[in-house]
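my_file-v1.txt follows; it contains compact mmCIF, C-alpha atoms.
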# COMPACT_ATOMS: atom_id res chain seq x y z
CA MET I 15 116.68 -25.02 11.92
CA LEU I 16 119.46 -27.33 10.80
CA GLN I 17 122.92 -25.90 10.24
CA ASP I 18 123.15 -27.62 6.87
CA PHE I 19 120.03 -25.94 5.52
CA PRO I 20 120.59 -25.47 1.75
CA ASP I 21 121.66 -22.20 0.18
CA TRP I 22 118.86 -19.83 -0.71
CA LEU I 23 119.50 -19.66 -4.44
CA ILE I 24 120.51 -23.15 -5.52
CA SER I 25 121.48 -26.40 -3.84
CA VAL I 26 123.16 -29.38 -5.51
CA ARG I 27 123.10 -32.90 -4.08
CA ASN I 28 124.62 -36.30 -4.76
CA PRO I 29 122.33 -38.24 -7.18
CA VAL I 30 123.59 -41.61 -5.89
CA GLU I 31 122.52 -40.77 -2.35
CA LEU I 32 119.13 -39.55 -3.54
CA PHE I 33 118.66 -42.69 -5.63
CA THR I 34 119.24 -44.82 -2.53
CA LEU I 35 116.45 -43.03 -0.68
CA GLN I 36 113.99 -42.54 -3.56
CA PRO I 37 114.91 -44.48 -6.70
CA SER I 38 111.50 -43.85 -8.27
CA TYR I 39 112.03 -40.08 -7.98
CA ILE I 40 115.34 -40.14 -9.86
CA VAL I 41 113.95 -42.44 -12.58
CA SER I 42 110.90 -40.20 -13.01
CA GLN I 43 113.01 -37.06 -13.26
CA VAL I 44 115.37 -38.55 -15.85
CA TYR I 45 112.48 -39.83 -17.95
CA CYS I 46 110.72 -36.45 -17.97
CA ILE I 47 113.91 -34.55 -18.82
CA ILE I 48 114.72 -36.89 -21.71
CA GLY I 49 111.11 -36.65 -22.85
CA ALA I 50 111.23 -32.84 -22.86
CA PHE I 51 114.39 -32.80 -25.00
CA LEU I 52 112.93 -35.45 -27.28
CA CYS I 53 109.91 -33.18 -27.79
CA LEU I 54 112.26 -30.27 -28.50
CA GLY I 55 114.07 -32.32 -31.13
CA HIS I 56 110.74 -33.26 -32.67
CA ALA I 57 109.65 -29.61 -32.66
CA LEU I 58 112.82 -28.50 -34.43
CA HIS I 59 112.40 -31.35 -36.89
CA ARG I 60 108.80 -30.37 -37.68
CA GLY I 61 109.48 -26.64 -37.76
CA GLY I 62 106.65 -24.14 -38.07
CA ARG I 63 105.01 -23.21 -34.79
CA TRP I 64 106.07 -26.36 -32.95
CA PRO I 65 109.25 -24.85 -31.44
CA TYR I 66 107.18 -21.90 -30.21
CA LEU I 67 104.75 -24.33 -28.61
CA TRP I 68 107.62 -26.05 -26.79
CA PHE I 69 108.96 -22.74 -25.51
CA GLY I 70 105.48 -21.58 -24.50
CA SER I 71 104.89 -24.74 -22.49
CA VAL I 72 108.16 -24.20 -20.61
CA LEU I 73 107.13 -20.63 -19.81
CA SER I 74 103.70 -21.81 -18.72
CA GLY I 75 105.33 -24.28 -16.34
CA VAL I 76 107.57 -21.59 -14.88
CA LEU I 77 104.58 -19.34 -14.20
CA ILE I 78 102.38 -22.10 -12.75
CA GLU I 79 105.10 -23.48 -10.48
CA GLY I 80 106.15 -19.99 -9.43
CA SER I 81 102.57 -19.08 -8.53
CA MET I 82 102.33 -22.23 -6.39
CA TYR I 83 105.61 -21.93 -4.53
CA PHE I 84 105.58 -18.16 -4.03
CA SER I 85 101.89 -17.77 -3.31
CA PRO I 86 101.09 -15.10 -0.69
CA TYR I 87 98.57 -17.56 0.80
CA GLY I 88 101.32 -19.93 1.89
CA ASP I 89 102.84 -23.20 0.78
CA THR I 90 100.58 -26.00 -0.39
CA ILE I 91 103.19 -28.40 -1.80
CA TRP I 92 106.64 -29.47 -0.63
CA LEU I 93 108.98 -31.34 -2.98
CA SER I 94 111.63 -33.80 -1.88
CA PRO I 95 115.26 -32.89 -2.60
CA THR I 96 116.53 -33.36 -6.14
CA VAL I 97 119.98 -33.08 -7.70
CA ALA I 98 119.46 -29.34 -8.30
CA ASP I 99 116.89 -27.23 -6.42
CA LEU I 100 116.21 -23.49 -6.51
CA PHE I 101 115.27 -21.08 -3.72
CA GLY I 102 115.86 -23.27 -0.69
CA GLN I 103 114.33 -26.42 -2.17
CA LYS I 104 111.14 -24.65 -3.20
CA ILE I 105 111.51 -25.39 -6.93
CA PRO I 106 113.42 -28.35 -8.41
CA ILE I 107 114.83 -27.62 -11.85
CA PHE I 108 113.47 -30.85 -13.33
CA ILE I 109 109.85 -29.71 -12.83
CA PHE I 110 110.24 -27.24 -15.71
CA PHE I 111 110.81 -30.16 -18.09
CA VAL I 112 107.54 -31.85 -17.15
CA TYR I 113 105.37 -29.21 -18.83
CA PRO I 114 106.92 -29.31 -22.33
CA PHE I 115 106.86 -33.10 -22.14
CA PHE I 116 103.13 -33.29 -21.30
CA TYR I 117 101.95 -30.25 -23.28
CA TYR I 118 103.82 -31.06 -26.45
CA GLN I 119 102.74 -34.70 -26.47
CA ALA I 120 99.10 -33.64 -26.00
CA PHE I 121 99.21 -31.05 -28.79
CA TRP I 122 100.94 -33.49 -31.13
CA ALA I 123 98.41 -36.26 -30.49
CA VAL I 124 95.44 -33.92 -30.93
CA SER I 125 96.87 -32.51 -34.17
CA LYS I 126 96.66 -36.02 -35.66
CA LEU I 127 92.97 -36.37 -34.78
CA ARG I 128 91.93 -33.79 -37.44
CA LEU I 129 88.97 -32.55 -35.44
CA LYS I 130 86.57 -30.22 -37.24
CA CYS I 131 85.53 -28.29 -34.13
CA ARG I 132 88.32 -26.22 -32.62
CA TRP I 133 86.61 -26.19 -29.22
CA SER I 134 86.79 -29.98 -29.09
CA GLU I 135 90.47 -29.73 -29.99
CA HIS I 136 91.20 -27.49 -27.00
CA ILE I 137 89.15 -29.83 -24.79
CA ALA I 138 91.13 -32.82 -26.03
CA VAL I 139 94.44 -31.10 -25.20
CA GLY I 140 93.30 -30.41 -21.65
CA MET I 141 92.06 -33.95 -21.10
CA LEU I 142 95.21 -35.53 -22.53
CA VAL I 143 97.44 -33.47 -20.26
CA VAL I 144 95.39 -34.72 -17.30
CA LEU I 145 95.71 -38.27 -18.62
CA PHE I 146 99.50 -37.94 -18.86
CA ASP I 147 99.70 -36.24 -15.47
CA LEU I 148 97.57 -38.72 -13.51
CA PRO I 149 100.03 -41.67 -13.26
CA PHE I 150 102.86 -39.20 -12.74
CA ASP I 151 101.08 -37.64 -9.75
CA MET I 152 99.81 -40.96 -8.37
CA ILE I 153 103.30 -42.44 -8.08
CA SER I 154 104.94 -39.14 -7.11
CA ILE I 155 102.66 -38.55 -4.13
CA LYS I 156 102.60 -42.16 -2.97
CA PHE I 157 106.41 -42.47 -3.20
CA LEU I 158 106.95 -39.08 -1.46
CA HIS I 159 108.36 -37.23 -4.46
CA TRP I 160 106.37 -34.44 -2.91
CA THR I 161 103.82 -33.95 -0.15
CA LEU I 162 100.71 -31.81 -0.08
CA HIS I 163 99.15 -29.56 2.57
CA GLU I 164 97.35 -32.08 4.79
CA THR I 165 95.01 -29.56 6.39
CA GLU I 166 93.98 -27.67 3.23
CA PRO I 167 90.31 -28.50 2.50
CA MET I 168 90.77 -27.94 -1.24
CA LEU I 169 93.30 -30.79 -1.36
CA GLY I 170 91.36 -33.17 0.87
CA GLU I 171 89.33 -35.04 -1.78
CA ARG I 172 91.73 -37.28 -3.71
CA VAL I 173 91.75 -40.02 -6.32
CA TYR I 174 94.58 -42.48 -5.67
CA SER I 175 96.40 -39.78 -3.65
CA VAL I 176 95.90 -37.11 -6.35
CA PRO I 177 93.75 -34.10 -5.32
CA CYS I 178 90.74 -33.69 -7.59
CA THR I 179 91.26 -29.93 -7.65
CA LEU I 180 94.69 -30.32 -9.26
CA LEU I 181 93.24 -32.42 -12.07
CA LEU I 182 90.55 -29.84 -12.78
CA PHE I 183 93.05 -26.96 -12.54
CA PHE I 184 95.47 -28.50 -15.05
CA ALA I 185 92.61 -29.39 -17.40
CA VAL I 186 91.23 -25.84 -17.57
CA THR I 187 94.69 -24.23 -17.65
CA THR I 188 95.86 -26.27 -20.63
CA PHE I 189 92.47 -25.76 -22.29
CA THR I 190 92.93 -21.99 -22.11
CA PHE I 191 96.58 -22.29 -23.17
CA SER I 192 95.52 -24.20 -26.30
CA TYR I 193 92.75 -21.72 -27.05
CA LEU I 194 95.01 -18.69 -26.69
CA PHE I 195 97.96 -20.24 -28.54
CA HIS I 196 95.88 -20.77 -31.67
CA ASN I 197 93.44 -17.86 -31.50
CA MET I 198 95.88 -15.11 -30.55
CA ARG I 199 97.91 -15.91 -33.65
CA LYS I 200 94.72 -15.84 -35.75
CA TRP I 201 93.80 -12.45 -34.30
CA LEU I 202 97.26 -10.95 -34.84
CA ASP I 203 98.03 -12.60 -38.19
CA PRO I 204 94.77 -13.54 -39.95
CA ALA I 205 96.54 -13.87 -43.31
CA THR I 206 98.25 -17.14 -42.32
CA HIS I 207 95.65 -19.88 -42.68
CA ASN I 208 97.79 -22.91 -41.82
CA ARG I 209 97.51 -23.19 -38.04
CA TRP I 210 100.97 -24.75 -37.68
CA ALA I 211 102.81 -22.61 -40.22
CA SER I 212 105.11 -20.12 -38.58
CA GLY I 213 104.19 -16.45 -38.88
CA PRO I 214 106.38 -13.38 -38.30
CA PHE I 215 108.82 -13.86 -35.43
CA ARG I 216 107.47 -10.89 -33.48
CA THR I 217 103.91 -12.17 -33.76
CA GLU I 218 104.84 -15.69 -32.70
CA LEU I 219 106.84 -14.38 -29.74
CA VAL I 220 103.93 -12.24 -28.56
CA VAL I 221 101.53 -15.16 -28.95
CA THR I 222 103.84 -17.57 -27.13
CA ILE I 223 104.44 -15.29 -24.15
CA GLY I 224 100.83 -14.09 -24.11
CA SER I 225 99.26 -17.54 -24.19
CA ALA I 226 101.55 -18.81 -21.42
CA SER I 227 100.93 -15.76 -19.25
CA LEU I 228 97.19 -15.34 -19.78
CA SER I 229 96.36 -19.05 -19.60
CA LEU I 230 97.25 -19.09 -15.90
CA THR I 231 94.95 -16.13 -15.20
CA PHE I 232 92.01 -17.25 -17.34
CA GLY I 233 92.49 -20.86 -16.29
CA SER I 234 92.30 -19.87 -12.63
CA VAL I 235 89.14 -17.84 -13.30
CA LEU I 236 87.58 -20.78 -15.13
CA PHE I 237 88.55 -23.11 -12.29
CA LEU I 238 86.89 -20.80 -9.75
CA ALA I 239 83.82 -20.53 -12.00
CA PHE I 240 83.35 -24.30 -11.61
CA ASN I 241 84.43 -24.62 -8.00
CA TYR I 242 83.01 -21.61 -6.17
CA PRO I 243 79.27 -21.77 -6.95
CA LEU I 244 79.10 -25.57 -6.95
CA HIS I 245 81.39 -26.44 -4.04
CA THR I 246 81.63 -23.34 -1.86
CA VAL I 247 78.04 -22.14 -2.25
CA LEU I 248 76.07 -25.34 -2.90
CA GLY I 249 78.36 -27.71 -0.99
CA ILE I 250 78.74 -30.26 -3.79
CA PRO I 251 81.84 -32.46 -3.22
CA ILE I 252 84.78 -31.51 -5.39
CA LYS I 253 85.10 -35.09 -6.63
CA VAL I 254 81.54 -34.97 -7.98
CA ILE I 255 82.22 -31.62 -9.70
CA VAL I 256 85.37 -32.91 -11.36
CA ILE I 257 83.71 -36.11 -12.56
CA GLY I 258 80.74 -34.12 -13.87
CA VAL I 259 82.93 -31.63 -15.76
CA PHE I 260 85.09 -34.38 -17.24
CA LEU I 261 82.06 -36.40 -18.37
CA CYS I 262 80.54 -33.34 -20.05
CA VAL I 263 83.67 -32.37 -21.97
CA LEU I 264 84.42 -35.98 -22.92
CA THR I 265 80.91 -36.23 -24.36
CA ILE I 266 81.53 -33.10 -26.42
CA PHE I 267 84.87 -34.46 -27.62
CA TRP I 268 83.36 -37.85 -28.48
CA LYS I 269 80.60 -36.22 -30.54
CA PHE I 270 83.00 -34.23 -32.71
CA ASP I 271 85.57 -37.01 -32.89
CA ARG I 272 82.92 -39.12 -34.67
CA LYS I 273 82.79 -36.37 -37.35
CA SER I 274 86.53 -35.76 -37.69
CA ASN I 275 88.41 -35.32 -40.96
CA ARG I 276 90.30 -38.61 -40.57
CA SER I 277 89.69 -40.51 -43.80
CA SER I 278 92.99 -42.37 -43.87
CA PRO I 279 95.99 -42.80 -41.56
CA SER I 280 98.33 -39.81 -41.66
CA GLY I 281 101.96 -40.33 -42.55
CA GLN I 282 104.35 -40.81 -39.63
CA SER I 283 108.08 -40.29 -39.83
CA PHE I 284 110.64 -42.21 -37.80
CA VAL I 285 110.91 -39.28 -35.38
CA ASP I 286 107.12 -39.31 -34.98
CA HIS I 287 107.16 -42.99 -34.09
CA ILE I 288 109.85 -42.39 -31.47
CA LEU I 289 107.71 -39.69 -29.88
CA ASN I 290 104.64 -41.95 -29.92
CA GLY I 291 106.57 -44.80 -28.34
CA TYR I 292 107.99 -42.57 -25.64
CA ILE I 293 104.57 -41.52 -24.36
CA VAL I 294 103.48 -45.18 -24.26
CA GLY I 295 106.64 -45.82 -22.24
CA HIS I 296 105.50 -43.07 -19.87
CA PHE I 297 102.51 -45.14 -18.75
CA LEU I 298 104.50 -48.37 -18.66
CA LEU I 299 107.18 -46.70 -16.54
CA TYR I 300 104.84 -45.69 -13.73
CA LEU I 301 103.03 -49.01 -13.88
CA GLY I 302 106.42 -50.71 -13.51
CA LEU I 303 107.45 -48.48 -10.60
CA ALA I 304 104.21 -49.29 -8.81
CA ILE I 305 104.77 -53.03 -9.26
CA VAL I 306 108.52 -53.30 -8.66
CA LEU I 307 109.09 -50.81 -5.84
CA ASN I 308 107.59 -50.67 -2.36
CA PRO I 309 106.45 -47.18 -1.26
CA GLN I 310 107.09 -48.22 2.34
CA ASN I 311 110.83 -48.00 1.59
CA ALA I 312 110.67 -44.40 0.37
CA VAL I 313 112.39 -41.83 2.61
CA SER I 314 112.14 -38.08 2.11
CA SER I 315 114.34 -35.72 4.12
CA GLY I 316 113.75 -32.06 3.44
CA ARG I 317 111.20 -29.26 3.60
CA HIS I 318 107.73 -30.37 4.65
CA GLN I 319 104.61 -28.91 6.22
CA PRO I 320 105.54 -27.23 9.52
CA ILE I 321 104.70 -29.18 12.67
CA GLY I 322 102.17 -27.39 14.86
CA ASN I 323 100.98 -27.54 18.43
CA CYS I 324 97.91 -29.79 18.49
CA SER I 325 96.54 -28.10 21.60
CA ASN I 326 96.62 -24.68 19.94
CA THR I 327 93.58 -24.18 17.68
CA SER I 328 95.37 -21.45 15.70
CA TYR I 329 97.48 -24.16 14.08
CA ALA I 330 94.42 -26.04 12.80
CA ASN I 331 94.40 -24.65 9.27
CA THR I 332 98.09 -24.02 8.71
CA ASP I 333 100.44 -26.47 10.43
CA LEU I 334 100.50 -30.24 10.76
CA CYS I 335 99.18 -31.90 13.90
CA LEU I 336 100.93 -35.23 14.45
CA ASP I 337 97.99 -36.54 16.45
CA THR I 338 95.42 -36.18 13.70
CA TYR I 339 97.22 -36.09 10.32
CA ASN I 340 96.33 -38.65 7.63
CA ARG I 341 98.76 -41.57 7.89
CA ARG I 342 97.73 -43.00 4.54
CA TYR I 343 100.38 -40.96 2.74
CA TYR I 344 103.37 -41.05 5.10
CA ASP I 345 104.45 -41.73 8.68
CA PHE I 346 107.65 -41.78 10.76
CA HIS I 347 108.42 -45.49 11.06
CA CYS I 348 111.93 -45.09 9.58
CA VAL I 349 113.14 -42.49 12.10
CA VAL I 350 113.90 -42.72 15.82
CA LYS I 351 111.27 -40.15 16.77
CA PRO I 352 108.85 -37.76 15.03
CA PRO I 353 109.90 -34.14 14.46
CA ASN I 354 109.50 -31.54 17.17
CA GLU I 355 106.95 -28.76 17.22
CA GLY I 356 107.89 -25.97 14.82
CA ALA I 357 110.07 -28.17 12.60
CA TYR I 358 109.74 -27.74 8.84
CA TRP I 359 112.88 -29.61 7.75
CA TYR I 360 112.53 -33.25 8.75
CA THR I 361 112.32 -36.85 7.51
CA ILE I 362 109.14 -38.70 6.55
CA CYS I 363 108.65 -42.35 5.57
CA GLY I 364 106.47 -43.93 2.92
CA THR I 365 103.50 -46.17 3.70
CA ALA I 366 102.32 -49.43 2.13
CA TYR I 367 99.61 -49.64 -0.50
CA GLU I 368 96.11 -49.83 0.88
When written as structure tokens, how does the structure in this file appear?
Amino acid sequence: MLQDFPDWLISVRNPVELFTLQPSYIVSQVYCIIGAFLCLGHALHRGGRWPYLWFGSVLSGVLIEGSMYFSPYGDTIWLSPTVADLFGQKIPIFIFFVYPFFYYQAFWAVSKLRLKCRWSEHIAVGMLVVLFDLPFDMISIKFLHWTLHETEPMLGERVYSVPCTLLLFFAVTTFTFSYLFHNMRKWLDPATHNRWASGPFRTELVVTIGSASLSLTFGSVLFLAFNYPLHTVLGIPIKVIVIGVFLCVLTIFWKFDRKSNRSSPSGQSFVDHILNGYIVGHFLLYLGLAIVLNPQNAVSSGRHQPIGNCSNTSYANTDLCLDTYNRRYYDFHCVVKPPNEGAYWYTICGTAYE
């Protein structure tokens, strides 16, 4: 263990130094944080239930990230250092801004579609969050913003570095969040017919906390309902399952989108146009990072998967074996020598595009 291991509660680092090592990481963080506050400003401008949605998405992110980083089954993801990290670099503060940015943009876009079927609306929210998340994850993993458990079978099948299981998990979690956010309010306050009109504060607070809390549980159950019988029992590749699920729900969405209530373009305020432009900039940003920057120059020094003893079979499913790990995602070309056995705080180097 290094003597300069960060404090347990919170650690603060120099942003200039971090930008030198991983410029794409700093740019991505800043863009997500600004996007989250822009969504908050839009929510306050719109009023009604929109501020509750923003708060609920933050709470959902806290619960999802907390369940990942404090799982009793061990770590599966290790994030590179940021300007401010919590709990010994387990949770960077910026990650809590990603969820309101993605969730709010998805809900806002779907609300303008005027879909007749509420089920297709919840499906559309889940698929849009995945769409927003995909370039974010592709660049983040390739440029070492974080690394994933290299010996975890559930994370082995990937699409441009992104595990298929994560895409399916976020799709079903946001689907259940959307379902609960709208239906719990209808169950508790059936008198309010406008879905975006704010009800009593106590009701909205219960709905917001309840939808954020229960969506993680029900989303996980729904994820296992797809994955366990098809992958674990029948042995179908996870990639095939994810593609099949996405094609099915996209077909459902397409069917009801053809019969939507859109007869004429809805009015858009200046604030609405800013929000729309910002999400377009989200895709252009990660496209630009992929073109301008070289992932081979990325350097991440911090907490990573512990290094195991390759000759000891007990390490096979937990620690990283330097003899057999997948060098597509990172290597050690920028350091004098690879880390020693037992190390979990070390430096890794990015690799070129395939």
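By chain and then residue number, the residues within 7 Å of range 225-237 of chain I are Gly70, Ser71, Leu73, Ser74, Ile78, Phe183, Val186, Thr187, Thr190, Phe191, Leu194 and Phe195 of chain I, counting all atoms listed in the file and disregarding those fewer than 5 positions away in sequence.
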- In terms of the shortest atom-to-atom distance over only C-alpha atoms, which of I:Ser38, I:Val143, I:Glu171, I:Leu129 is closest to Ile250 in chain I? I:Glu171
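Close contacts of Gly55 in chain I, defined as residues with an atom at most 12 Å away when counting only C-alpha atoms, with chain neighbours fewer than 2 positions off set aside, comprise Ile48, Gly49, Ala50, Phe51, Leu52, Cys53, Ala57, Leu58, His59, Arg60, Gly61, Trp64, Pro65, Trp68, Pro114, Phe115, Tyr118, Val285, Asp286, Ile288 and Leu289 of chain I.
With only C-alpha atoms as the atoms that count, the residue of I:Ser94, I:Asn340, I:Ser192, I:Asn354 with the shortest distance to Val124 in chain I is I:Ser192.
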- Atom-to-atom span, CA of His196 in chain I and CA of Phe150 in chain I, Å: 27.3 Å
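For the choices I:Val349, I:His245, I:His56, I:Leu264, the atom-to-atom distance to Phe284 in chain I is smallest for I:His56 when using all atoms listed in the file.
Each of I:Pro29, I:Gln103, I:Arg63, I:Tyr113 was compared to Thr217 in chain I using only C-alpha atoms, and I:Arg63 turns out to be the nearest.
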- Message: Given all atoms listed in the file as the basis, pick out the residue of I:Gln282, I:Gln119, I:Gln43, I:Asn308 nearest to Pro95 in chain I.
- Response: I:Gln43
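Taking all atoms listed in the file into account, Trp359 in chain I lies nearest to I:Trp92 out of the set I:Trp92, I:Tyr339, I:Phe108, I:Tyr344.
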- Find the spatial neighbours of Ile91 in chain I, counting only C-alpha atoms, within a cut-off of 10 Å - ignore same-chain residues fewer than 4 positions away - and output them as a ChimeraX atom specification. /I:82-83,104,160-164,317-319
Those same residues - C-alpha atoms - I'd like them written as a CSV table (one decimal), in the coordinates of the input.
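Output file out.csv follows:
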chain,number,residue,atom,x,y,z
I,82,MET,CA,102.3,-22.2,-6.4
I,83,TYR,CA,105.6,-21.9,-4.5
I,104,LYS,CA,111.1,-24.6,-3.2
I,160,TRP,CA,106.4,-34.4,-2.9
I,161,THR,CA,103.8,-34.0,-0.2
I,162,LEU,CA,100.7,-31.8,-0.1
I,163,HIS,CA,99.2,-29.6,2.6
I,164,GLU,CA,97.4,-32.1,4.8
I,317,ARG,CA,111.2,-29.3,3.6
I,318,HIS,CA,107.7,-30.4,4.6
I,319,GLN,CA,104.6,-28.9,6.2
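The interatomic distance for the pair CA of Asp333 in chain I and CA of Thr165 in chain I works out to 7.4 Å.
Between CA of Ile24 in chain I and CA of Asp99 in chain I there is a distance of 5.5 Å.
Residues of protein, DNA and RNA with at least one atom no farther than 9 Å from (90.7, -34.0, -18.6) are, using all atoms listed in the file, I:Ile137, I:Ala138, I:Val139, I:Gly140, I:Met141, I:Leu142, I:Val143, I:Val144, I:Leu145, I:Leu181, I:Leu182, I:Phe184, I:Ala185, I:Val186, I:Val259, I:Phe260, I:Leu261, I:Val263, I:Leu264.
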All residues 7 Å or closer to Met152 in chain I, only C-alpha atoms, same chain fewer than 3 positions away omitted, as a CSV table (one decimal) with C-alpha atoms, in the frame of the given file:
chain,number,residue,atom,x,y,z
I,148,LEU,CA,97.6,-38.7,-13.5
I,149,PRO,CA,100.0,-41.7,-13.3
I,155,ILE,CA,102.7,-38.6,-4.1
I,156,LYS,CA,102.6,-42.2,-3.0
I,174,TYR,CA,94.6,-42.5,-5.7
I,175,SER,CA,96.4,-39.8,-3.6
I,176,VAL,CA,95.9,-37.1,-6.4
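Near Phe346 in chain I, within 12 Å and counting all atoms listed in the file, sit Gln310, Asn311, Ala312, Val313, Ser314, Ser315, Leu336, Tyr339, Arg341, Arg342, Val350, Lys351, Pro352, Pro353, Tyr360, Thr361, Ile362, Cys363, Gly364 and Thr365 of chain I; same-chain residues fewer than 4 positions away were not included.
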